[in-house]
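Text of entry30.cif, listed as mmCIF, C-alpha atoms:
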data_query
#
loop_
_atom_site.label_atom_id
_atom_site.label_comp_id
_atom_site.auth_asym_id
_atom_site.auth_seq_id
_atom_site.Cartn_x
_atom_site.Cartn_y
_atom_site.Cartn_z
CA MET I 1 77.00 117.35 80.23
CA ALA I 2 78.60 119.14 83.15
CA THR I 3 82.22 120.16 82.67
CA LEU I 4 84.52 118.53 85.22
CA VAL I 5 87.58 120.46 86.35
CA GLY I 6 90.50 118.10 86.88
CA ALA I 7 88.26 115.02 86.88
CA THR I 8 87.76 112.22 84.41
CA ALA I 9 84.62 110.39 83.41
CA ALA I 10 86.56 107.19 82.81
CA VAL I 11 85.78 104.45 85.32
CA ALA I 12 89.50 103.64 85.68
CA GLY I 13 90.13 107.24 86.80
CA TRP I 14 88.03 106.98 89.95
CA PRO I 15 89.53 105.77 93.24
CA HIS I 16 89.40 102.03 93.79
CA GLY I 17 86.39 101.06 95.87
CA SER I 18 84.40 104.22 95.14
CA PHE I 19 80.87 104.08 93.78
CA LEU I 20 81.81 105.37 90.32
CA TYR I 21 84.72 102.93 90.11
CA GLN I 22 82.24 100.05 90.41
CA LEU I 23 79.76 101.54 87.94
CA PRO I 24 79.77 100.36 84.29
CA GLN I 25 81.00 103.04 81.88
CA PRO I 26 77.63 103.82 80.16
CA SER I 27 75.91 104.21 83.54
CA CYS I 28 78.76 106.35 84.83
CA ASP I 29 78.53 108.64 81.79
CA ALA I 30 74.75 108.97 82.18
CA LEU I 31 75.03 109.87 85.87
CA LEU I 32 77.73 112.47 85.25
CA ALA I 33 75.78 114.01 82.38
CA ALA I 34 72.70 114.49 84.60
CA GLY I 35 74.40 116.68 87.21
CA THR I 36 75.29 120.35 87.48
CA SER I 37 78.94 120.97 88.35
CA SER I 38 79.73 123.14 91.37
CA ILE I 39 82.87 123.93 93.35
CA PHE I 40 82.62 124.35 97.12
CA PRO I 41 85.19 125.78 99.56
CA GLY I 42 86.52 123.95 102.58
CA SER I 43 84.31 123.64 105.69
CA HIS I 44 81.21 124.23 103.56
CA ARG I 45 77.99 122.54 104.70
CA LEU I 46 76.59 120.67 101.68
CA ILE I 47 73.75 119.07 103.61
CA ARG I 48 72.50 120.11 107.04
CA GLN I 49 71.01 117.65 109.49
CA GLY I 50 67.27 118.27 109.93
CA GLU I 51 66.72 120.16 106.68
CA ASP I 52 64.09 119.09 104.15
CA SER I 53 66.09 118.66 100.96
CA MET I 54 66.33 115.90 98.37
CA HIS I 55 69.39 116.70 96.26
CA VAL I 56 72.15 114.16 95.64
CA LEU I 57 75.83 114.98 95.13
CA VAL I 58 78.42 113.03 93.12
CA LEU I 59 81.87 113.87 94.48
CA CYS I 60 84.39 114.50 91.67
CA THR I 61 87.33 115.82 93.68
CA GLY I 62 88.00 116.34 97.37
CA ARG I 63 86.47 114.77 100.45
CA VAL I 64 83.56 115.31 102.82
CA LYS I 65 82.72 114.12 106.31
CA ILE I 66 79.31 112.92 107.40
CA THR I 67 78.44 113.84 110.99
CA LEU I 68 75.51 113.35 113.33
CA ASP I 69 74.60 115.79 116.12
CA THR I 70 73.15 113.95 119.11
CA VAL I 71 70.47 115.25 121.47
CA ASP I 72 73.06 115.60 124.26
CA GLY I 73 75.16 117.99 122.21
CA HIS I 74 77.84 115.65 120.86
CA ARG I 75 78.93 115.46 117.23
CA ILE I 76 79.71 111.98 115.91
CA LEU I 77 81.78 111.35 112.81
CA ILE I 78 79.89 108.73 110.81
CA GLU I 79 81.99 108.42 107.69
CA VAL I 80 84.36 110.13 105.27
CA ARG I 81 83.59 109.98 101.55
CA SER I 82 85.80 111.04 98.67
CA ALA I 83 85.97 111.38 94.89
CA GLY I 84 83.73 108.90 93.10
CA ASP I 85 81.27 108.57 95.98
CA LEU I 86 77.66 109.68 96.38
CA VAL I 87 76.28 111.69 99.27
CA GLY I 88 72.69 112.50 100.11
CA GLU I 89 71.20 109.52 98.27
CA MET I 90 69.28 107.96 101.17
CA GLU I 91 66.46 110.50 101.54
CA PRO I 92 65.44 110.44 97.84
CA LEU I 93 65.45 106.64 97.98
CA LEU I 94 63.22 106.70 101.06
CA GLY I 95 61.06 109.44 99.58
CA GLU I 96 61.04 111.46 102.77
CA GLY I 97 63.09 113.74 104.99
CA PRO I 98 64.38 115.42 107.03
CA ARG I 99 68.09 114.82 106.59
CA VAL I 100 69.43 112.53 109.29
CA ALA I 101 73.05 113.77 109.12
CA SER I 102 75.18 116.67 107.94
CA VAL I 103 77.74 116.61 105.11
CA THR I 104 80.64 119.08 105.30
CA THR I 105 83.55 119.55 102.91
CA ILE I 106 87.11 118.80 104.04
CA GLY I 107 89.00 121.25 101.89
CA PRO I 108 87.78 122.34 98.43
CA VAL I 109 85.36 119.95 96.73
CA GLN I 110 84.00 119.71 93.21
CA ALA I 111 80.69 117.89 92.94
CA LEU I 112 77.83 117.30 90.56
CA VAL I 113 74.45 118.17 92.02
CA LEU I 114 71.29 116.28 90.99
CA ASP I 115 67.79 116.90 92.28
CA GLY I 116 66.09 113.91 93.87
CA PRO I 117 63.46 113.22 91.16
CA LYS I 118 66.10 113.23 88.39
CA PHE I 119 68.26 110.81 90.41
CA LEU I 120 65.31 108.45 90.94
CA LEU I 121 64.44 108.61 87.24
CA LEU I 122 67.98 107.55 86.37
CA LEU I 123 67.69 104.59 88.75
CA HIS I 124 64.38 103.51 87.15
CA ARG I 125 65.86 103.70 83.65
CA ASP I 126 69.25 102.11 84.33
CA VAL I 127 69.30 98.69 85.99
CA ASP I 128 73.12 98.71 86.26
CA LEU I 129 73.03 101.99 88.17
CA ASP I 130 70.22 100.68 90.38
CA MET I 131 71.95 97.38 91.19
CA THR I 132 75.35 98.99 91.76
CA LEU I 133 73.79 101.39 94.25
CA LEU I 134 72.03 98.49 95.98
CA ARG I 135 75.30 96.55 96.33
CA PHE I 136 77.19 99.65 97.44
CA THR I 137 74.60 100.53 100.08
CA THR I 138 74.53 96.94 101.35
CA ARG I 139 78.31 96.96 101.80
CA ARG I 140 78.10 100.20 103.77
CA LEU I 141 75.44 98.70 106.05
CA GLN I 142 77.63 95.65 106.58
CA ALA I 143 80.55 97.90 107.50
CA MET I 144 78.35 99.83 109.96
CA ASN I 145 77.22 96.58 111.59
CA ALA I 146 80.85 95.46 111.87
CA SER I 147 81.76 98.76 113.53
CA ARG I 148 79.03 98.21 116.12
CA ILE I 149 80.47 94.78 116.89
CA ASN I 150 83.91 96.40 117.29
CA LEU I 151 82.53 98.51 120.15
CA SER I 152 83.10 95.44 122.34
CA GLN I 153 86.84 95.90 121.77
CA SER I 154 89.03 98.22 123.81
CA VAL I 155 89.37 101.85 122.74
CA ARG I 156 93.01 101.19 121.92
CA ASP I 157 92.15 98.32 119.56
CA ARG I 158 89.38 100.35 117.89
CA LEU I 159 91.76 103.26 117.28
CA TYR I 160 94.40 100.95 115.81
CA ARG I 161 91.82 99.54 113.39
CA LEU I 162 90.56 102.99 112.44
CA LEU I 163 94.07 104.28 111.70
CA ASP I 164 94.84 101.16 109.67
CA HIS I 165 91.61 101.65 107.69
CA LEU I 166 92.49 105.30 107.02
CA VAL I 167 95.93 104.23 105.75
CA ASP I 168 94.29 101.77 103.32
CA ARG I 169 91.65 104.24 102.13
CA TYR I 170 93.46 107.59 102.20
CA GLY I 171 97.15 106.82 102.68
CA GLU I 172 99.68 108.63 100.47
CA PRO I 173 103.31 107.45 100.41
CA VAL I 174 105.84 109.94 101.71
CA SER I 175 108.88 110.27 99.46
CA GLY I 176 112.09 108.71 100.70
CA GLY I 177 110.77 105.81 102.76
CA SER I 178 107.93 103.54 103.77
CA GLN I 179 106.08 106.27 105.63
CA VAL I 180 102.44 106.97 104.78
CA ARG I 181 100.57 110.21 105.30
CA ILE I 182 96.84 110.00 105.92
CA ASP I 183 95.75 112.50 103.29
CA ILE I 184 92.70 113.81 105.06
CA GLU I 185 92.16 116.53 107.65
CA LEU I 186 90.82 114.94 110.83
CA THR I 187 91.10 116.21 114.39
CA GLN I 188 91.62 113.89 117.33
CA SER I 189 88.04 114.74 118.30
CA ASP I 190 86.96 113.36 114.89
CA LEU I 191 88.91 110.16 115.56
CA ALA I 192 87.39 109.84 119.01
CA SER I 193 83.81 110.36 117.86
CA SER I 194 84.13 107.82 115.05
CA ILE I 195 85.06 105.02 117.49
CA GLY I 196 82.80 106.04 120.38
CA ALA I 197 85.61 107.17 122.69
CA SER I 198 86.59 110.28 124.61
CA THR I 199 89.03 112.75 123.06
CA SER I 200 91.29 112.50 126.12
CA MET I 201 91.59 108.72 125.72
CA VAL I 202 92.47 109.05 122.01
CA GLU I 203 95.04 111.73 122.86
CA ARG I 204 96.72 109.38 125.37
CA ILE I 205 96.87 106.50 122.87
CA MET I 206 98.20 108.77 120.11
CA SER I 207 100.85 110.01 122.54
CA ASP I 208 101.90 106.40 123.18
CA LEU I 209 102.13 105.75 119.42
CA ARG I 210 104.28 108.86 118.97
CA LYS I 211 106.64 107.77 121.76
CA GLN I 212 107.02 104.38 120.02
CA GLY I 213 107.88 106.12 116.74
CA ILE I 214 104.86 104.62 114.98
CA VAL I 215 103.12 107.91 114.18
CA THR I 216 103.63 111.63 114.22
CA SER I 217 100.78 114.10 114.16
CA GLN I 218 100.46 117.78 113.49
CA TYR I 219 97.37 119.92 113.19
CA ARG I 220 94.78 117.74 111.38
CA GLN I 221 97.50 115.60 109.78
CA ILE I 222 98.79 112.15 110.73
CA THR I 223 101.85 110.38 109.33
CA ILE I 224 102.35 106.65 109.90
CA HIS I 225 106.08 105.88 110.12
CA GLN I 226 105.70 102.14 110.64
CA PRO I 227 102.60 100.97 108.70
CA ALA I 228 103.51 97.29 109.13
CA VAL I 229 103.67 97.67 112.91
CA LEU I 230 100.34 99.49 112.92
CA ARG I 231 98.82 96.70 110.82
CA ARG I 232 99.98 94.09 113.36
CA LEU I 233 98.52 96.15 116.20
CA ALA I 234 95.22 96.50 114.36
CA HIS I 235 95.04 92.85 113.35
CA PRO I 236 97.01 90.76 115.86
CA PRO I 237 97.40 87.08 115.00
CA THR I 238 94.71 84.87 116.52
CA PRO I 239 96.27 82.48 119.05
CA PRO I 240 95.80 78.83 118.14
CA THR I 241 92.98 77.03 119.91
CA THR I 242 94.20 74.33 122.27
CA LEU I 243 91.99 71.26 122.22
CA ILE I 244 91.56 69.60 125.61
CA PRO I 245 91.34 65.78 125.47
CA ARG I 246 87.91 64.45 126.40
CA GLN I 247 89.16 62.66 129.52
CA GLN I 248 90.74 65.86 130.83
CA ARG I 249 87.53 67.79 130.14
CA ARG I 250 85.64 65.35 132.32
CA ARG I 251 88.07 65.89 135.22
CA ILE I 252 87.80 69.66 134.76
#
As structure tokens, please, write out the structure in this file.
Amino acid sequence: MATLVGATAAVAGWPHGSFLYQLPQPSCDALLAAGTSSIFPGSHRLIRQGEDSMHVLVLCTGRVKITLDTVDGHRILIEVRSAGDLVGEMEPLLGEGPRVASVTTIGPVQALVLDGPKFLLLLHRDVDLDMTLLRFTTRRLQAMNASRINLSQSVRDRLYRLLDHLVDRYGEPVSGGSQVRIDIELTQSDLASSIGASTSMVERIMSDLRKQGIVTSQYRQITIHQPAVLRRLAHPPTPPTTLIPRQQRRRI
């Protein structure tokens, strides 16, 4: 079994909502035992878009970002994954390449590396692992579909929802108050690409939030000073529906 540095094989030790958190203990142990432990520096490309590779990585510590380079030269942030998550699993499942996106570390990362055939063999042997992956992948597809629907919203509303999601997923309380630091290095260009907006528009909205005292931002770091206010902006109450009497509808 690979030796994990600063990581635990116990299900309870993985972040809530991660793949390994949802995996039954015997299946989690089997998956961890099958990989080879490696430590990667920050800004290291684990998977490159377009390459023909089939390895799968189990993230033990740290975070990675998944990006897609478009034909017109733009780079789109697809998703951020962290400890307890898998990356690179889609191509082995499909049985073909090339890689459709790149995976890059955000700071140092420890991961277990499995070759594609070994990963598929584990899935065939372990129904709990297979079904957990199926459910996990389905939830990700649902989230992607929801994000497409959100494109009908204004850029401002989409940014509010993204920041609120990042607080839920990666927020770390700041000592001495209710402030929350988003514990992940993301540029404003990353924020813009993840919601399908221009960097200049995101910069203007972030400037408005700073003036209102809701956020402060430094290089690749965002602190939310009023999380409750941000939550209300991201999820405003739905106004009650006013029913028009039938007789009035006829006159209208």
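Put simply, CA of Pro227 in chain I is 14.0 Å away from CA of Leu159 in chain I.
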Ground truth for the PyMOL selection byres ((chain I and resi 224) around 9), written as number ranges by chain: I: 163, 167, 171, 178-182, 213-217, 222-223, 225-227, 230
Reference answer for the PyMOL selection byres ((chain I and resi 100) around 7), as a ChimeraX atom specification: /I:49-50,98-99,101
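Distance annotation: of I:Val155, I:Ile184, I:Met54, I:Leu46, the residue with the minimal separation from Asp115 in chain I is I:Met54; atom set is only C-alpha atoms.
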Hey, what comes out of the PyMOL selection byres ((chain I and resi 186-197) around 8) on this file? Could you write it as a tab-separated table (two decimals) with C-alpha atoms, in the coordinates of the input?
chain	number	residue	atom	x	y	z
I	75	ARG	CA	78.93	115.46	117.23
I	76	ILE	CA	79.71	111.98	115.91
I	77	LEU	CA	81.78	111.35	112.81
I	78	ILE	CA	79.89	108.73	110.81
I	79	GLU	CA	81.99	108.42	107.69
I	151	LEU	CA	82.53	98.51	120.15
I	155	VAL	CA	89.37	101.85	122.74
I	158	ARG	CA	89.38	100.35	117.89
I	159	LEU	CA	91.76	103.26	117.28
I	162	LEU	CA	90.56	102.99	112.44
I	184	ILE	CA	92.70	113.81	105.06
I	185	GLU	CA	92.16	116.53	107.65
I	198	SER	CA	86.59	110.28	124.61
I	199	THR	CA	89.03	112.75	123.06
I	201	MET	CA	91.59	108.72	125.72
I	202	VAL	CA	92.47	109.05	122.01
I	203	GLU	CA	95.04	111.73	122.86
I	219	TYR	CA	97.37	119.92	113.19
I	220	ARG	CA	94.78	117.74	111.38
I	221	GLN	CA	97.50	115.60	109.78
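Picture a line from CA of Thr132 in chain I to CA of Glu91 in chain I; it runs 17.5 Å.
When CA of Gly17 in chain I is paired with CA of Val80 in chain I, their separation reads 13.2 Å.
Around Leu86 in chain I, within 8 Å and counting all atoms listed in the file, the residues found are I:Phe19, I:Val56, I:Leu57, I:Val58, I:Leu59, once anything fewer than 6 positions away on its own chain is removed.
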Residues within 6 Å of Arg63 in chain I, all atoms listed in the file, excluding chain neighbours under 6 positions, as a VMD selection string: chain I and resid 81 to 82 106
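Residues in contact with Gly107 in chain I at up to 8 Å, not including ones fewer than 5 positions away on its chain and judged by all atoms listed in the file, are Pro41, Gly42, Ser43, Gly62 and Arg63 of chain I.
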Surrounding residues of Arg231 in chain I excluding itself and chain neighbours under 2 positions, 10 Å, only C-alpha atoms, as an MDAnalysis selection string: chainID I and resid 160:161 163:165 167 226:229 233:236
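Shortest separation to Val103 in chain I among I:His55, I:Lys65, I:Leu129, I:Arg139 occurs at residue I:Lys65, atoms counted being all atoms listed in the file.
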Residue with smallest distance to Asp128 in chain I - pool I:Ala30, I:Leu209, I:Ala111, I:Leu23, counting all atoms listed in the file: I:Leu23
